[in-house]
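**Q** Okay, so here is run_19.cif, and as you'll see once you scroll down, it has mmCIF, C-alpha atoms and all ligand atoms.
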```
data_protein
loop_
_atom_site.label_atom_id
_atom_site.label_comp_id
_atom_site.auth_asym_id
_atom_site.auth_seq_id
_atom_site.Cartn_x
_atom_site.Cartn_y
_atom_site.Cartn_z
CA MET A 151 102.15 78.03 66.31
CA ASP A 152 100.97 74.53 67.13
CA ASP A 153 100.13 74.02 63.49
CA ASP A 154 103.70 74.99 62.68
CA LEU A 155 105.00 72.36 65.10
CA VAL A 156 102.70 69.70 63.68
CA THR A 157 103.86 70.59 60.17
CA ARG A 158 107.47 70.16 61.24
CA LEU A 159 106.68 66.90 63.07
CA LYS A 160 104.93 65.53 59.99
CA THR A 161 108.11 66.00 57.93
CA TYR A 162 109.60 63.11 59.92
CA GLU A 163 106.98 60.62 58.74
CA GLY A 164 108.59 58.09 56.44
CA ARG A 165 112.12 58.93 57.54
CA PRO A 166 114.38 56.18 58.85
CA ALA A 167 115.10 55.62 62.52
CA ALA A 168 117.45 52.70 61.90
CA VAL A 169 118.97 51.51 58.65
CA ALA A 170 120.40 48.03 58.12
CA GLY A 171 120.63 47.33 61.84
CA THR A 172 121.97 43.92 62.75
CA GLY A 173 120.98 41.73 65.66
CA LYS A 174 123.60 41.65 68.40
CA ASP A 175 123.30 37.87 68.55
CA PRO A 176 121.89 35.34 66.15
CA VAL A 177 118.61 33.81 67.27
CA ASN A 178 119.81 31.40 69.97
CA ALA A 179 118.57 28.76 72.38
CA PRO A 180 119.84 30.36 75.64
CA MET A 181 117.93 33.60 75.08
CA ILE A 182 114.86 31.61 74.09
CA ARG A 183 115.14 29.58 77.29
CA HIS A 184 115.52 32.69 79.47
CA TRP A 185 112.50 34.27 77.83
CA CYS A 186 110.37 31.15 78.31
CA GLU A 187 111.46 30.83 81.93
CA ALA A 188 110.69 34.47 82.64
CA LEU A 189 107.22 34.16 81.11
CA GLY A 190 106.54 30.66 82.36
CA ASP A 191 105.95 29.53 78.77
CA THR A 192 106.38 25.75 78.53
CA ASN A 193 105.23 25.36 74.92
CA PRO A 194 107.28 22.42 73.53
CA ALA A 195 107.73 24.25 70.20
CA TYR A 196 110.43 26.37 71.86
CA THR A 197 112.73 23.51 72.92
CA GLY A 198 114.48 20.60 71.29
CA PRO A 199 116.27 20.15 67.99
CA ASP A 200 113.46 21.70 65.91
CA ALA A 201 112.87 24.60 68.28
CA ILE A 202 111.53 27.90 67.01
CA ALA A 203 111.78 31.19 68.88
CA PRO A 204 108.59 32.47 70.53
CA PRO A 205 107.16 34.86 67.94
CA THR A 206 106.78 37.62 70.54
CA MET A 207 110.58 37.66 70.90
CA LEU A 208 110.71 39.46 67.55
CA GLN A 209 111.75 42.76 69.11
CA ALA A 210 114.24 41.09 71.47
CA TRP A 211 116.52 40.13 68.55
CA THR A 212 116.70 43.78 67.44
CA MET A 213 117.47 45.33 70.81
CA GLY A 214 120.77 47.10 71.39
CA GLY A 215 121.14 46.31 75.09
CA LEU A 216 122.90 48.69 77.42
CA THR A 217 125.58 49.63 74.93
CA GLY A 218 123.29 50.22 71.97
CA HIS A 219 123.99 49.43 68.35
CA ALA A 220 127.31 50.55 66.89
CA THR A 221 125.79 51.08 63.47
CA GLY A 222 122.44 51.57 61.85
CA ARG A 223 120.94 54.32 63.99
CA ALA A 224 119.63 57.18 61.90
CA GLN A 225 119.58 60.82 62.99
CA ALA A 226 115.95 61.51 62.20
CA TYR A 227 114.48 59.78 65.23
CA ASP A 228 116.79 61.60 67.66
CA GLU A 229 115.97 64.89 65.94
CA LEU A 230 112.26 64.21 66.21
CA LEU A 231 112.51 63.45 69.93
CA ALA A 232 114.62 66.58 70.46
CA LEU A 233 112.03 68.69 68.65
CA LEU A 234 109.32 67.30 70.90
CA ASP A 235 111.48 67.95 73.97
CA GLU A 236 111.94 71.58 72.87
CA SER A 237 108.18 71.98 72.45
CA GLY A 238 107.72 70.99 76.12
CA CYS A 239 106.88 67.34 75.50
CA THR A 240 109.68 66.15 77.75
CA SER A 241 108.01 63.04 79.15
CA VAL A 242 107.65 59.76 77.37
CA VAL A 243 105.54 56.66 77.84
CA ALA A 244 105.34 53.54 75.68
CA THR A 245 101.69 53.04 74.81
CA ASP A 246 101.44 49.90 72.72
CA CYS A 247 103.07 47.61 70.22
CA GLU A 248 101.79 45.44 67.39
CA GLN A 249 103.63 42.61 65.74
CA GLU A 250 103.12 40.60 62.58
CA TYR A 251 104.87 37.28 62.10
CA LEU A 252 105.58 36.01 58.60
CA ARG A 253 107.76 33.03 59.34
CA PRO A 254 109.20 31.49 62.52
CA LEU A 255 112.70 32.36 63.64
CA ARG A 256 115.04 29.49 64.50
CA PRO A 257 118.34 29.30 66.37
CA GLY A 258 121.10 30.37 64.02
CA ASP A 259 119.01 32.91 62.10
CA GLU A 260 120.91 36.18 61.76
CA ILE A 261 118.52 39.10 61.64
CA THR A 262 118.77 42.55 60.17
CA PHE A 263 116.24 45.30 60.60
CA ASP A 264 115.15 48.66 59.32
CA THR A 265 113.04 51.05 61.34
CA VAL A 266 111.00 53.85 59.87
CA ILE A 267 109.08 56.64 61.59
CA GLU A 268 105.67 55.64 60.38
CA SER A 269 103.52 58.38 61.83
CA VAL A 270 103.50 61.35 64.18
CA SER A 271 100.08 62.34 65.46
CA GLY A 272 98.60 65.76 65.86
CA ARG A 273 98.31 67.19 69.34
CA LYS A 274 96.43 64.81 71.64
CA THR A 275 95.36 65.30 75.23
CA THR A 276 95.44 62.30 77.52
CA LYS A 277 95.17 61.88 81.27
CA LEU A 278 98.95 62.02 81.46
CA GLY A 279 99.20 65.27 79.57
CA THR A 280 99.13 66.71 76.07
CA GLY A 281 101.51 65.54 73.39
CA HIS A 282 102.08 63.54 70.24
CA PHE A 283 102.03 59.82 69.50
CA VAL A 284 105.05 58.61 67.53
CA THR A 285 104.80 55.23 65.79
CA THR A 286 107.83 53.42 64.45
CA ARG A 287 107.75 50.30 62.30
CA THR A 288 110.63 47.85 62.36
CA ASP A 289 110.87 45.34 59.52
CA VAL A 290 112.91 42.32 60.54
CA HIS A 291 114.70 40.29 57.87
CA VAL A 292 116.68 37.09 57.67
CA GLY A 293 118.68 37.47 54.52
CA ALA A 294 116.28 38.86 51.94
CA THR A 295 113.20 37.42 53.65
CA LEU A 296 110.90 39.64 55.69
CA VAL A 297 110.16 37.54 58.78
CA GLY A 298 108.13 39.97 60.85
CA THR A 299 107.15 43.53 61.57
CA HIS A 300 107.13 45.27 64.92
CA ARG A 301 105.23 48.52 65.44
CA PHE A 302 105.99 50.50 68.55
CA ARG A 303 104.11 53.58 69.71
CA ILE A 304 105.14 56.12 72.29
CA LEU A 305 103.48 59.25 73.61
CA LYS A 306 105.81 62.22 74.03
CA TYR A 307 103.94 64.65 76.24
CA ALA A 308 104.02 67.65 78.52
CA PRO A 309 103.03 66.35 81.95
CA ALA A 310 99.67 67.60 83.18
CA GLN A 311 99.84 69.94 86.16
CA GLN A 312 99.76 67.92 89.34
CA ARG A 313 96.63 68.57 91.32
CA LYS A 314 97.18 69.30 94.97
CA THR A 315 95.24 66.69 96.88
CA PRO A 316 93.10 68.20 99.62
CA PRO A 317 94.14 67.29 103.14
CA ARG A 318 92.44 64.20 104.42
CA PRO A 319 90.72 64.42 107.76
CA HIS A 320 91.67 60.87 108.69
CA ARG A 321 94.95 59.70 107.37
CA PRO A 322 94.91 55.95 106.70
CA HIS A 323 97.32 53.95 108.81
CA ARG A 324 100.42 52.31 107.47
CA PRO A 325 100.03 48.66 106.57
CA ARG A 326 100.95 46.48 109.54
CA PRO A 327 103.74 43.91 109.37
CA VAL A 328 102.63 40.31 109.22
CA VAL A 329 103.97 38.79 112.42
CA ASN A 330 104.18 35.00 112.56
CA ARG A 331 106.08 32.45 114.59
CA ASP A 332 109.03 32.61 112.22
CA ASN A 333 109.57 36.34 112.64
CA ALA A 334 107.94 37.22 115.97
CA GLY A 335 111.34 37.57 117.66
CA PHE A 336 112.35 40.22 115.18
CA TRP A 337 109.28 42.36 115.89
CA GLU A 338 109.65 41.87 119.64
CA GLY A 339 113.19 43.24 119.26
CA VAL A 340 111.90 46.23 117.32
CA VAL A 341 109.55 47.10 120.17
CA ARG A 342 112.65 47.17 122.45
CA HIS A 343 114.48 49.27 119.82
CA GLU A 344 116.80 46.41 118.94
CA LEU A 345 117.42 45.25 115.38
CA LEU A 346 118.05 41.51 115.67
CA ILE A 347 119.74 39.46 112.99
CA GLN A 348 119.35 35.70 113.03
CA ARG A 349 122.52 33.61 113.34
CA CYS A 350 122.72 29.91 112.54
CA THR A 351 124.13 28.14 115.60
CA ALA A 352 125.56 25.36 113.40
CA CYS A 353 127.57 27.43 110.92
CA ALA A 354 127.30 31.00 112.29
CA THR A 355 125.90 32.37 109.00
CA LEU A 356 123.86 35.51 109.59
CA ARG A 357 120.53 35.80 107.85
CA PHE A 358 118.02 38.54 107.27
CA PRO A 359 115.07 38.72 106.91
CA TRP A 360 114.21 36.04 109.44
CA LEU A 361 113.67 32.55 108.09
CA PRO A 362 112.93 29.17 109.68
CA GLY A 363 116.21 27.60 108.57
CA CYS A 364 119.74 28.36 107.44
CA ALA A 365 120.08 28.77 103.68
CA HIS A 366 123.80 27.94 103.97
CA CYS A 367 123.78 24.65 105.89
CA GLY A 368 120.10 23.87 106.39
CA GLY A 369 120.41 23.98 110.17
CA PRO A 370 117.15 24.76 112.00
CA ASP A 371 118.68 26.22 115.17
CA TRP A 372 119.55 29.85 115.62
CA ASP A 373 120.24 32.65 118.00
CA THR A 374 120.39 36.37 117.38
CA VAL A 375 122.93 39.12 117.02
CA ARG A 376 121.96 42.69 117.79
CA ALA A 377 122.85 44.90 114.84
CA SER A 378 125.17 47.79 115.63
CA GLY A 379 122.92 50.02 113.54
CA GLU A 380 125.66 51.15 111.19
CA GLY A 381 125.09 50.63 107.50
CA THR A 382 125.37 51.98 103.99
CA VAL A 383 122.84 52.39 101.22
CA TYR A 384 123.51 49.46 98.91
CA SER A 385 120.78 50.45 96.43
CA TYR A 386 117.55 52.38 96.44
CA VAL A 387 114.47 53.28 94.45
CA VAL A 388 112.32 56.38 94.66
CA MET A 389 108.62 55.60 94.83
CA HIS A 390 106.47 58.01 92.84
CA HIS A 391 103.63 55.75 91.83
CA PRO A 392 101.23 54.27 92.69
CA PRO A 393 100.17 56.68 95.42
CA PHE A 394 99.10 54.90 98.57
CA PRO A 395 97.16 56.92 101.15
CA ALA A 396 99.41 56.08 104.10
CA PHE A 397 102.53 57.30 102.31
CA ASP A 398 103.70 60.61 100.88
CA PRO A 399 105.40 59.97 97.55
CA PRO A 400 108.02 60.58 96.39
CA TYR A 401 110.06 58.79 99.00
CA ALA A 402 113.18 56.67 98.97
CA VAL A 403 113.12 52.96 99.69
CA ALA A 404 116.62 51.74 100.37
CA LEU A 405 118.36 48.40 100.47
CA VAL A 406 120.71 48.99 103.38
CA GLN A 407 123.81 46.89 103.85
CA LEU A 408 124.28 46.53 107.59
CA ALA A 409 127.80 46.56 109.05
CA GLU A 410 127.24 42.88 109.93
CA GLY A 411 126.94 42.08 106.21
CA VAL A 412 123.24 41.35 105.76
CA ARG A 413 120.93 43.67 103.86
CA MET A 414 117.50 44.96 104.72
CA ILE A 415 114.87 47.06 103.00
CA SER A 416 113.80 50.18 104.83
CA ASN A 417 113.17 53.88 104.44
CA VAL A 418 115.80 56.58 104.61
CA ILE A 419 114.18 59.38 106.56
CA GLY A 420 115.34 62.93 107.22
CA THR A 421 117.00 63.18 103.80
CA PRO A 422 115.21 64.50 100.71
CA TYR A 423 114.32 61.58 98.45
CA ASP A 424 116.56 62.91 95.67
CA LYS A 425 119.58 63.18 97.93
CA VAL A 426 119.72 59.49 98.84
CA ARG A 427 122.77 57.92 97.20
CA ILE A 428 124.33 54.51 96.85
CA GLY A 429 127.17 54.18 99.35
CA MET A 430 125.68 56.77 101.72
CA PRO A 431 126.49 55.93 105.35
CA VAL A 432 123.31 55.54 107.38
CA ARG A 433 122.44 54.71 110.95
CA LEU A 434 119.51 52.83 112.40
CA ALA A 435 116.70 54.72 114.07
CA PHE A 436 113.32 53.61 115.36
CA GLN A 437 110.40 55.64 114.13
CA SER A 438 106.90 55.42 115.45
CA TYR A 439 103.90 55.69 113.16
CA ASP A 440 100.21 56.09 113.88
CA GLY A 441 100.92 56.05 117.60
CA ASP A 442 101.29 52.29 117.91
CA LEU A 443 103.65 51.07 115.20
CA THR A 444 107.43 51.13 115.51
CA LEU A 445 109.58 50.51 112.46
CA PRO A 446 113.35 50.34 112.00
CA VAL A 447 114.40 53.09 109.57
CA PHE A 448 117.66 54.76 108.65
CA ARG A 449 119.01 58.28 108.78
CA ALA A 450 122.03 59.64 106.94
CA VAL A 451 125.12 59.81 109.12
CA GLU A 452 126.17 63.44 109.38
CA GLU A 453 129.64 64.22 108.08
CA ALA A 454 131.97 64.71 111.03
CA ALA A 455 132.19 68.37 111.95
CA VAL A 456 135.55 69.86 110.97
ZN ZN A 501 124.00 27.35 108.99
#
```
Translate this structure into structure tokens?
Ligand code: ZN
**A**
Amino acid sequence: MDDDLVTRLKTYEGRPAAVAGTGKDPVNAPMIRHWCEALGDTNPAYTGPDAIAPPTMLQAWTMGGLTGHATGRAQAYDELLALLDESGCTSVVATDCEQEYLRPLRPGDEITFDTVIESVSGRKTTKLGTGHFVTTRTDVHVGATLVGTHRFRILKYAPAQQRKTPPRPHRPHRPRPVVNRDNAGFWEGVVRHELLIQRCTACATLRFPWLPGCAHCGGPDWDTVRASGEGTVYSYVVMHHPPFPAFDPPYAVALVQLAEGVRMISNVIGTPYDKVRIGMPVRLAFQSYDGDLTLPVFRAVEEAAV
């Protein structure tokens, strides 16, 4: 049966994943600058009137962004991924990429690209699980000239069964907050079950987390406002990995917008991690950990009883 699947997977080798795709933007100086800033790359070849694009940006010029490419996408790649999904290989991880550069790209170059499914591996077992490697090759052109090739490999796999970790006799403690003279007042408030927000006495701007000066006016003097404790989830992430012994993943880490307008990062407790939502009303609570650590956390506000 597996052999049958592999035979079907192999029929996708050599089929197109994108045909005559076009870059959403010509090669351009602003994107080059953003890339160099993000990577801290100060190579002078990437600035000035004779600038070239960093070669490793090759893939960037082919990417469809959030809205994707209107044209060029071929069915075969979607079919291949669907076939792997049906076979139980529902997870995906990018494993590696290789690029070849044939000539530099310069601002103004308009790129086109073709992507082919180069290979689909037989069944492979990795630490993540068992599945198939899929390699695509994208040939990038300017006009009729091949300027570079980008190979991208993913593993589509069935996740390995999660091992239950045996209970630990001594659970490691949570990491302790770093208390210093700039934030000591905040932690003293937490011990009293008060969440204190700093307020600039010159311009009344609230700030959180605590800082030595006002980011709005530069004033060094401040007092505090006690937060009402009402807030809403402004954004959140669910932590699955890496596991850390003092925590039980998965758990939700939320950016909570306090009623006073500042935002703080905390945990939403008492709600399953997959039920935390943006916009969810939450209320401050103080939770103790390990017997001697108190942390401000948030609980969902119950809907008013009807
Ligand atoms: Zn100020």
**Q** In terms of the shortest atom-to-atom distance over all atoms listed in the file, which of A:Gly279, A:Tyr439, A:Asp246, A:Val447 is closest to Thr421 of chain A?
**A**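 For Thr421 of chain A, the nearest of the candidates is A:Val447.
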**Q** Using all atoms listed in the file, can you tell me which of A:Gln437, A:Thr374, A:Gln407, A:Thr355 comes closest to ligand ZN 501 (chain A)?
**A** A:Thr355
**Q** Show me which residues sit within 9 Å of ligand ZN 501 (chain A) when counting all atoms listed in the file, and put them as an mmCIF file with C-alpha atoms, in the frame of the given file.
**A**
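Saved file result.cif follows:
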```
data_model
loop_
_atom_site.group_PDB
_atom_site.id
_atom_site.type_symbol
_atom_site.label_atom_id
_atom_site.label_comp_id
_atom_site.auth_asym_id
_atom_site.auth_seq_id
_atom_site.Cartn_x
_atom_site.Cartn_y
_atom_site.Cartn_z
ATOM 1 C CA ARG A 349 122.520 33.610 113.340
ATOM 2 C CA CYS A 350 122.720 29.910 112.540
ATOM 3 C CA THR A 351 124.130 28.140 115.600
ATOM 4 C CA ALA A 352 125.560 25.360 113.400
ATOM 5 C CA CYS A 353 127.570 27.430 110.920
ATOM 6 C CA ALA A 354 127.300 31.000 112.290
ATOM 7 C CA THR A 355 125.900 32.370 109.000
ATOM 8 C CA LEU A 356 123.860 35.510 109.590
ATOM 9 C CA GLY A 363 116.210 27.600 108.570
ATOM 10 C CA CYS A 364 119.740 28.360 107.440
ATOM 11 C CA ALA A 365 120.080 28.770 103.680
ATOM 12 C CA HIS A 366 123.800 27.940 103.970
ATOM 13 C CA CYS A 367 123.780 24.650 105.890
ATOM 14 C CA GLY A 368 120.100 23.870 106.390
ATOM 15 C CA GLY A 369 120.410 23.980 110.170
ATOM 16 C CA PRO A 370 117.150 24.760 112.000
ATOM 17 C CA ASP A 371 118.680 26.220 115.170
ATOM 18 C CA TRP A 372 119.550 29.850 115.620
#
```
**Q** Point out the residue among A:Val329, A:Leu345, A:Val292, A:Leu234 with the least atom-to-atom distance to Glu260 of chain A, counting only C-alpha atoms.
**A**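 When distances to Glu260 of chain A are compared using only C-alpha atoms, the smallest one comes from A:Val292.
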**Q** Which of these, A:Ala195, A:Ala201, A:Leu159, A:Ala402, has the shortest distance to Ser237 of chain A once you count all atoms listed in the file?
**A**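 Going through A:Ala195, A:Ala201, A:Leu159, A:Ala402 one by one, the smallest distance to Ser237 of chain A is for A:Leu159.
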**Q** With distances taken over all atoms listed in the file, which residue among A:Gly222, A:Arg165, A:Val270, A:Pro322 lies nearest Ala396 of chain A?
**A**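 Of all the options, A:Pro322 lies closest to Ala396 of chain A.
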**Q** Counting all atoms listed in the file, which residue out of A:Lys425, A:Arg273, A:Arg287, A:Arg413 sits closest to Asp153 of chain A?
**A**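 Result for the nearest residue to Asp153 of chain A: A:Arg273.
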**Q** Calculate how many Å separate atom CA of Thr280 of chain A from atom CA of Ser241 of chain A, rounding to one decimal.
**A** 10.1 Å
**Q** What's around segment 443-446 of chain A at 9 Å? Count all atoms listed in the file, leave out sequence neighbours fewer than 6 positions away in its own chain, and write the answer as a list of chain:residue names.
**A**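 Counting all atoms listed in the file, the residues come to A:Arg324, A:Arg326, A:Trp337, A:Val340, A:Val341, A:His343, A:Glu344, A:Leu345, A:Ser416, A:Asn417, A:Leu434, A:Ala435, A:Phe436, A:Gln437.
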**Q** Add whatever atoms are absent from segment 242-267 of chain A to reach N, CA and C atoms, and provide the output as a PDB file, in the coordinates of the input.
**A**
```pdb
ATOM      1  N   VAL A 242     107.910  60.790  78.364  1.00  0.00           N
ATOM      2  CA  VAL A 242     107.650  59.760  77.370  1.00  0.00           C
ATOM      3  C   VAL A 242     107.030  58.548  78.056  1.00  0.00           C
ATOM      4  N   VAL A 243     106.089  57.929  77.362  1.00  0.00           N
ATOM      5  CA  VAL A 243     105.540  56.660  77.840  1.00  0.00           C
ATOM      6  C   VAL A 243     105.291  55.777  76.617  1.00  0.00           C
ATOM      7  N   ALA A 244     105.652  54.499  76.742  1.00  0.00           N
ATOM      8  CA  ALA A 244     105.340  53.540  75.680  1.00  0.00           C
ATOM      9  C   ALA A 244     103.866  53.199  75.801  1.00  0.00           C
ATOM     10  N   THR A 245     103.129  53.272  74.713  1.00  0.00           N
ATOM     11  CA  THR A 245     101.690  53.040  74.810  1.00  0.00           C
ATOM     12  C   THR A 245     101.269  51.674  74.289  1.00  0.00           C
ATOM     13  N   ASP A 246     101.827  51.209  73.212  1.00  0.00           N
ATOM     14  CA  ASP A 246     101.440  49.900  72.720  1.00  0.00           C
ATOM     15  C   ASP A 246     102.380  49.425  71.631  1.00  0.00           C
ATOM     16  N   CYS A 247     102.333  48.142  71.366  1.00  0.00           N
ATOM     17  CA  CYS A 247     103.070  47.610  70.220  1.00  0.00           C
ATOM     18  C   CYS A 247     102.222  46.576  69.513  1.00  0.00           C
ATOM     19  N   GLU A 248     102.493  46.429  68.229  1.00  0.00           N
ATOM     20  CA  GLU A 248     101.790  45.440  67.390  1.00  0.00           C
ATOM     21  C   GLU A 248     102.862  44.688  66.637  1.00  0.00           C
ATOM     22  N   GLN A 249     102.657  43.384  66.503  1.00  0.00           N
ATOM     23  CA  GLN A 249     103.630  42.610  65.740  1.00  0.00           C
ATOM     24  C   GLN A 249     102.915  41.744  64.722  1.00  0.00           C
ATOM     25  N   GLU A 250     103.594  41.543  63.604  1.00  0.00           N
ATOM     26  CA  GLU A 250     103.120  40.600  62.580  1.00  0.00           C
ATOM     27  C   GLU A 250     104.234  39.610  62.337  1.00  0.00           C
ATOM     28  N   TYR A 251     103.867  38.326  62.272  1.00  0.00           N
ATOM     29  CA  TYR A 251     104.870  37.280  62.100  1.00  0.00           C
ATOM     30  C   TYR A 251     104.659  36.604  60.745  1.00  0.00           C
ATOM     31  N   LEU A 252     105.709  36.565  59.937  1.00  0.00           N
ATOM     32  CA  LEU A 252     105.580  36.010  58.600  1.00  0.00           C
ATOM     33  C   LEU A 252     106.201  34.626  58.483  1.00  0.00           C
ATOM     34  N   ARG A 253     107.262  34.403  59.255  1.00  0.00           N
ATOM     35  CA  ARG A 253     107.760  33.030  59.340  1.00  0.00           C
ATOM     36  C   ARG A 253     108.541  32.874  60.638  1.00  0.00           C
ATOM     37  N   PRO A 254     108.551  31.670  61.231  1.00  0.00           N
ATOM     38  CA  PRO A 254     109.200  31.490  62.520  1.00  0.00           C
ATOM     39  C   PRO A 254     110.703  31.744  62.438  1.00  0.00           C
ATOM     40  N   LEU A 255     111.254  32.235  63.533  1.00  0.00           N
ATOM     41  CA  LEU A 255     112.700  32.360  63.640  1.00  0.00           C
ATOM     42  C   LEU A 255     113.244  31.128  64.351  1.00  0.00           C
ATOM     43  N   ARG A 256     114.424  30.687  63.919  1.00  0.00           N
ATOM     44  CA  ARG A 256     115.040  29.490  64.500  1.00  0.00           C
ATOM     45  C   ARG A 256     116.453  29.818  64.942  1.00  0.00           C
ATOM     46  N   PRO A 257     116.953  29.093  65.953  1.00  0.00           N
ATOM     47  CA  PRO A 257     118.340  29.300  66.370  1.00  0.00           C
ATOM     48  C   PRO A 257     119.275  29.278  65.159  1.00  0.00           C
ATOM     49  N   GLY A 258     120.162  30.234  65.135  1.00  0.00           N
ATOM     50  CA  GLY A 258     121.100  30.370  64.020  1.00  0.00           C
ATOM     51  C   GLY A 258     120.707  31.450  63.036  1.00  0.00           C
ATOM     52  N   ASP A 259     119.423  31.834  63.012  1.00  0.00           N
ATOM     53  CA  ASP A 259     119.010  32.910  62.100  1.00  0.00           C
ATOM     54  C   ASP A 259     119.705  34.205  62.483  1.00  0.00           C
ATOM     55  N   GLU A 260     120.283  34.873  61.506  1.00  0.00           N
ATOM     56  CA  GLU A 260     120.910  36.180  61.760  1.00  0.00           C
ATOM     57  C   GLU A 260     119.972  37.235  61.209  1.00  0.00           C
ATOM     58  N   ILE A 261     119.546  38.145  62.078  1.00  0.00           N
ATOM     59  CA  ILE A 261     118.520  39.100  61.640  1.00  0.00           C
ATOM     60  C   ILE A 261     119.131  40.465  61.337  1.00  0.00           C
ATOM     61  N   THR A 262     118.497  41.135  60.429  1.00  0.00           N
ATOM     62  CA  THR A 262     118.770  42.550  60.170  1.00  0.00           C
ATOM     63  C   THR A 262     117.438  43.274  60.263  1.00  0.00           C
ATOM     64  N   PHE A 263     117.506  44.576  60.463  1.00  0.00           N
ATOM     65  CA  PHE A 263     116.240  45.300  60.600  1.00  0.00           C
ATOM     66  C   PHE A 263     116.380  46.736  60.137  1.00  0.00           C
ATOM     67  N   ASP A 264     115.255  47.253  59.690  1.00  0.00           N
ATOM     68  CA  ASP A 264     115.150  48.660  59.320  1.00  0.00           C
ATOM     69  C   ASP A 264     113.947  49.235  60.051  1.00  0.00           C
ATOM     70  N   THR A 265     114.141  50.423  60.601  1.00  0.00           N
ATOM     71  CA  THR A 265     113.040  51.050  61.340  1.00  0.00           C
ATOM     72  C   THR A 265     112.717  52.381  60.682  1.00  0.00           C
ATOM     73  N   VAL A 266     111.438  52.604  60.488  1.00  0.00           N
ATOM     74  CA  VAL A 266     111.000  53.850  59.870  1.00  0.00           C
ATOM     75  C   VAL A 266     110.018  54.537  60.831  1.00  0.00           C
ATOM     76  N   ILE A 267     110.073  55.871  60.838  1.00  0.00           N
ATOM     77  CA  ILE A 267     109.080  56.640  61.590  1.00  0.00           C
ATOM     78  C   ILE A 267     107.805  56.623  60.762  1.00  0.00           C
TER      79      ILE A 267
END
```
